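Encoded as structure tokens, the structure appears first; notes follow it.
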There are 2 protein chains.
Amino acid sequence: MYILLKNIKKHLNKTVTLKGWIFNYRSSGSIYFLQLRDSTGEIQAIVSKKEVNQKTWEACEKISLESSIEFKGKVYNEKRSPSGTEMLVEDLKIIQIAEEYPIGKKAHGTDFLMDHRHLWVRSKRQAAILKIRDEIIWAIRSFFKKENFILTDSPILTPTSCEGTSTLFATNYFDKKAYLSQSGQLYLEAMIYSLGKVYDFGPTFRAEKSKTRRHLTEFWMMDAEAAFVEHKENMKIQEKLLCYIAEQVLKNCQRELEILERDIKPLEKIKPPFPVITYEQTIKKLQQKGVKIKWGDDFGGDEETIISKMFDKPVFIEKYPGKIKAFYMKPDTKNPDLVLNNDCLAPEGYGEIIGGSQRIDDLKTLEEKIKEFKLPKEPFEWYIDLRRYGSVPHSGFGLGIERTVAWICGLKHIRETIPFPRLINRLNP
Amino acid sequence: MYILLKNIKKHLNKTVTLKGWIFNYRSSGSIYFLQLRDSTGEIQAIVSKKEVNQKTWEACEKISLESSIEFKGKVYNEKRSPSGTEMLVEDLKIIQIAEEYPIGKKAHGTDFLMDHRHLWVRSKRQAAILKIRDEIIWAIRSFFKKENFILTDSPILTPTSCEGTSTLFATNYFDKKAYLSQSGQLYLEAMIYSLGKVYDFGPTFRAEKSKTRRHLTEFWMMDAEAAFVEHKENMKIQEKLLCYIAEQVLKNCQRELEILERDIKPLEKIKPPFPVITYEQTIKKLQQKGVKIKWGDDFGGDEETIISKMFDKPVFIEKYPGKIKAFYMKPDTKNPDLVLNNDCLAPEGYGEIIGGSQRIDDLKTLEEKIKEFKLPKEPFEWYIDLRRYGSVPHSGFGLGIERTVAWICGLKHIRETIPFPRLINRLNP
């Protein structure tokens, strides 16, 4: 049996076996200093010519960057070492000597790193990001489990688009055409009549030609939907979810946040209540900042950045004009030009991570909206059915995972938040 | 605040509010017996003309199947009722009166039910299946969390096929062509050098023209991969996972298993160790049963059914001829015509639910296999790289979720195991 480096302190002054990869090494003639990495930590392994046999020493001389090695030796405290421990090697077994590793010490361009994504993920920084991604996804799923939401996967292959066809990937589906889903929401709405509170969590696709730091063509979304939940309670669920994510990452990913040199103070502020401002107030705030925007305009990435920097917590912007939002959002009875929706912008300039709303539950209103938005009625018949047979007030929201990971990790670009990013000019590896 | 029916027994002899849908009703002239369903249970609500005001009574007369209603009333024990409790209604609020519900008491054909899947999911049976699906997925994810595997989502849009192009869905990807992934395995293999033990969990796609009870065009797969794990340990992980799934469903889904009238005795037998037989032994067993099959043939659905009925636990079949399996499987050193792989067949005739193997870790062997399988080398260069830079022994497996759900629930056809099934002739709703 071999041990993982995260457990090394339990084995001080004992002889153990380690397995991993060499991420750095140097020699002083009679001593090799070999930096070993496994999936849980790092250690310096010392090979002293005096202490090992000829064969072991010769093996040492062959070791290259990223070679896979098994070490046997004694572990001891060493304050000067970054991990606090070192190993004095008694024996080593070469698993494989690596060819010259293409990712070196020198700075590489983004294209080079992205071409070598299958190797780049080994870097301490990329591994830390992907561990935080795992923790965030686990936190989201645990949250919904705790809150008695039931996972119901929405289909990816759909016969129509939810909100327009211009940014859809299409495929031949036997004798038909199918489109890759951009949202599972409409399907979730059907499920609430059976299961009450539901969520889905899967990949979504957008064939957008934009090259921005916030867009991927393939990204993961979590949608939640609940019967008998109205606009205000909907925002409370979102608030609780984001607080839980921040809390869990702060608790379980200290090492990873340190590796990323993430300032955790802003994350520690993610506690309820979050500020809620209306769309109208937001327009005014932007105008005061000198932004050229008027009532009826939607916010772009730049506006989101400005607003999101005004608050030190996520901020809810509610009640947008219905005309610039999706057809299924419920009009505000106090002002039917507005809808009972909200976006949620992450702080520190990160911008939109959630979009949510109460949905139209009245048959006639929905049919009118579909007409007003010039959508074909037939493909939505099943969705309209939900308002014919025991309609109830209900609300939901969608959270973009990669944007959430970028925010929590403090990353500039979304491309590092997913193992194998897909962008307009990037389908490999 | 309203209460959920699963908590009703905590409120005996108290007045509470319930919200839900009417799934059955009858009247005796002066009393209405209304069967209410919410997402967690059922109850009979009694409306007595003597006990309510005129307006409430008149509201009652309008109620139709699947109408959404809010009841206020006192809850009491009633042994003759299936739920053990009843409510005497004091007041009721109609949320929406449903139009004539298309799914009635009479038997409907499969096509009709599938066309109305958005409503069919409300049935007690369908809801129970989907809750068990949720539990199975939660059990799988919890298992991997417990075992320190890290979730790393594999991409859906891929530039090449993993195992041939004849059954792939394709889409235009800007100026390129992309294919919908059939497996995330190759990508997971890259991740083990960074994160040690990883899994993915997402939709996969197969443009197969076959119409069988075991095939969907869109289905969910879980793939796991671990560094330093070899063939035998790989099977142990699979065994542990399947035992955990069965244990968790038996513990947490008693009500749902009862609704499905699932015989739980076979599920209670899902305990280690599982039988392991070789491919060669399996061929002989089939020949003894009179099946026309010879060494070198692969098993079809019929053969799987026969084998799977020979055992009362899942059975591992190991060491298939390399020629009938994927190129990346590691040859058995004792007999290089065989590979260190396994399928796992669920009992009771359910057949294959897992495929796994140790992977080739030697560069030269992999390059030869790619040539032997007549695969283009270029698209696999990144995958071959993993054998150039610190290759290690490693193994993994993939579990099909819908087949697992069908087995655990005891279903004949896989189409009921997913909220919105996609089949060769089915892309709606």
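So you can find residues: chains in the structure tokens are A, B, ... in the order shown, residues in each start at 1, and ligands are numbered from 1 in order.
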
Report task. May I have all residues of stretch 106-334 of chain A that DSSP, computed from the backbone, assigns to strand (DSSP E or B), given as number ranges by chain? Result -> A: 150-151, 157-158, 170-173, 176-180, 197-205, 218-227, 276-278, 315-318, 321, 329, 331-332

Residues of chain B at most 6 Å from chain A: nearest atom pair and distance in Å, only C-alpha atoms, as CSV:
residue,atom,partner,partner_atom,distance
B:Ser39,CA,A:Leu195,CA,4.5
B:Glu66,CA,A:Gly390,CA,5.3
B:Ser67,CA,A:Gly390,CA,4.2
B:Ser68,CA,A:Gly390,CA,4.4
B:Gln96,CA,A:Gly390,CA,5.3
B:Ala98,CA,A:Tyr389,CA,4.2
B:Glu99,CA,A:Arg388,CA,5.8
B:His118,CA,A:Ala190,CA,5.5
B:Arg122,CA,A:Ser194,CA,4.3
B:Asp134,CA,A:Leu151,CA,5.4
B:Leu151,CA,A:Asp134,CA,5.4
B:Ala170,CA,A:Thr171,CA,5.7
B:Thr171,CA,A:Thr171,CA,4.9
B:Ala190,CA,A:His118,CA,5.5
B:Ser194,CA,A:Arg122,CA,4.3
B:Leu195,CA,A:Ser39,CA,4.5
B:Gly196,CA,A:Ser39,CA,5.0
B:Arg388,CA,A:Ala98,CA,5.7
B:Tyr389,CA,A:Ala98,CA,4.2
B:Gly390,CA,A:Ser67,CA,4.2
B:Ser391,CA,A:Gln96,CA,5.8

Query - helix (DSSP H, G or I) per DSSP on the backbone: members of stretch 5-211 of chain A, as an NGL selection string - result: :A and (5-11 or 54-62 or 110-115 or 117-120 or 124-146 or 185-195)

Requested in this report: Show which residues sit within 8 Å of B:Lys74, as a list in words. Count only C-alpha atoms, and ignore same-chain residues fewer than 4 positions away.
Outcome: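 Near neighbours after the sequence-gap exclusion: Leu12, Asn13, Lys14, Thr15, Val16, Met87, Leu88, Val89 and Glu90 of chain B.
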
Residues as selected, N, CA and C atoms, written as a compact mmCIF listing (two decimals), in the first residue's frame, can you do that?
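In the end it all went to selection.txt:
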# COMPACT_ATOMS: atom_id res chain seq x y z
N LEU B 12 -51.41 15.64 13.42
CA LEU B 12 -52.70 15.00 13.69
C LEU B 12 -53.55 15.85 14.63
N ASN B 13 -54.83 15.91 14.30
CA ASN B 13 -55.80 16.67 15.11
C ASN B 13 -55.53 18.17 15.16
N LYS B 14 -54.75 18.62 14.17
CA LYS B 14 -54.54 20.06 14.05
C LYS B 14 -55.10 20.54 12.71
N THR B 15 -55.32 21.84 12.62
CA THR B 15 -55.78 22.41 11.36
C THR B 15 -54.56 22.88 10.57
N VAL B 16 -54.46 22.39 9.35
CA VAL B 16 -53.31 22.72 8.51
C VAL B 16 -53.77 23.09 7.11
N MET B 87 -58.42 14.30 5.89
CA MET B 87 -58.62 15.69 6.31
C MET B 87 -60.10 16.03 6.20
N LEU B 88 -60.63 16.66 7.25
CA LEU B 88 -61.98 17.21 7.17
C LEU B 88 -61.81 18.69 6.79
N VAL B 89 -62.28 19.01 5.59
CA VAL B 89 -62.00 20.34 5.03
C VAL B 89 -62.87 21.40 5.70
N GLU B 90 -62.24 22.50 6.10
CA GLU B 90 -62.97 23.65 6.62
C GLU B 90 -63.13 24.72 5.55

Query raised in the report: A:Arg214: which residues within 8 Å, counting only C-alpha atoms, same-chain residues fewer than 5 positions away excluded, as a PyMOL selection string?
Result: chain A and resi 403+413-414

Output C-alpha atoms of each residue in that selection to a file, as an mmCIF file, in the first residue's frame.
data_model
loop_
_atom_site.group_PDB
_atom_site.id
_atom_site.type_symbol
_atom_site.label_atom_id
_atom_site.label_comp_id
_atom_site.auth_asym_id
_atom_site.auth_seq_id
_atom_site.Cartn_x
_atom_site.Cartn_y
_atom_site.Cartn_z
ATOM 1 C CA ARG A 403 -19.035 32.012 -14.213
ATOM 2 C CA HIS A 413 -11.066 34.354 -18.009
ATOM 3 C CA ILE A 414 -13.697 31.643 -17.961
#

**Report entry** B:Lys284 environment, 9 Å, only C-alpha atoms, sequence neighbours closer than 4 positions dropped, as number ranges by chain
**Finding:** B: 279-280, 288-289, 293-295

Query raised in the report: Residues at most 9 Å from stretch 250-267 of chain B, counting only C-alpha atoms, excluding those fewer than 2 positions away in the same chain, as a list in words?
Result: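 Result of the neighbour search: Lys124, Arg125, Ala127, Ala128, Ile129, Lys131, Ile132, Glu135, Ile245, Ala246, Glu247, Gln248, Lys269, Ile270, Lys271, Asp312, Lys313, Pro347, Glu348, Ile408, Cys409, Gly410 and Leu411 of chain B.
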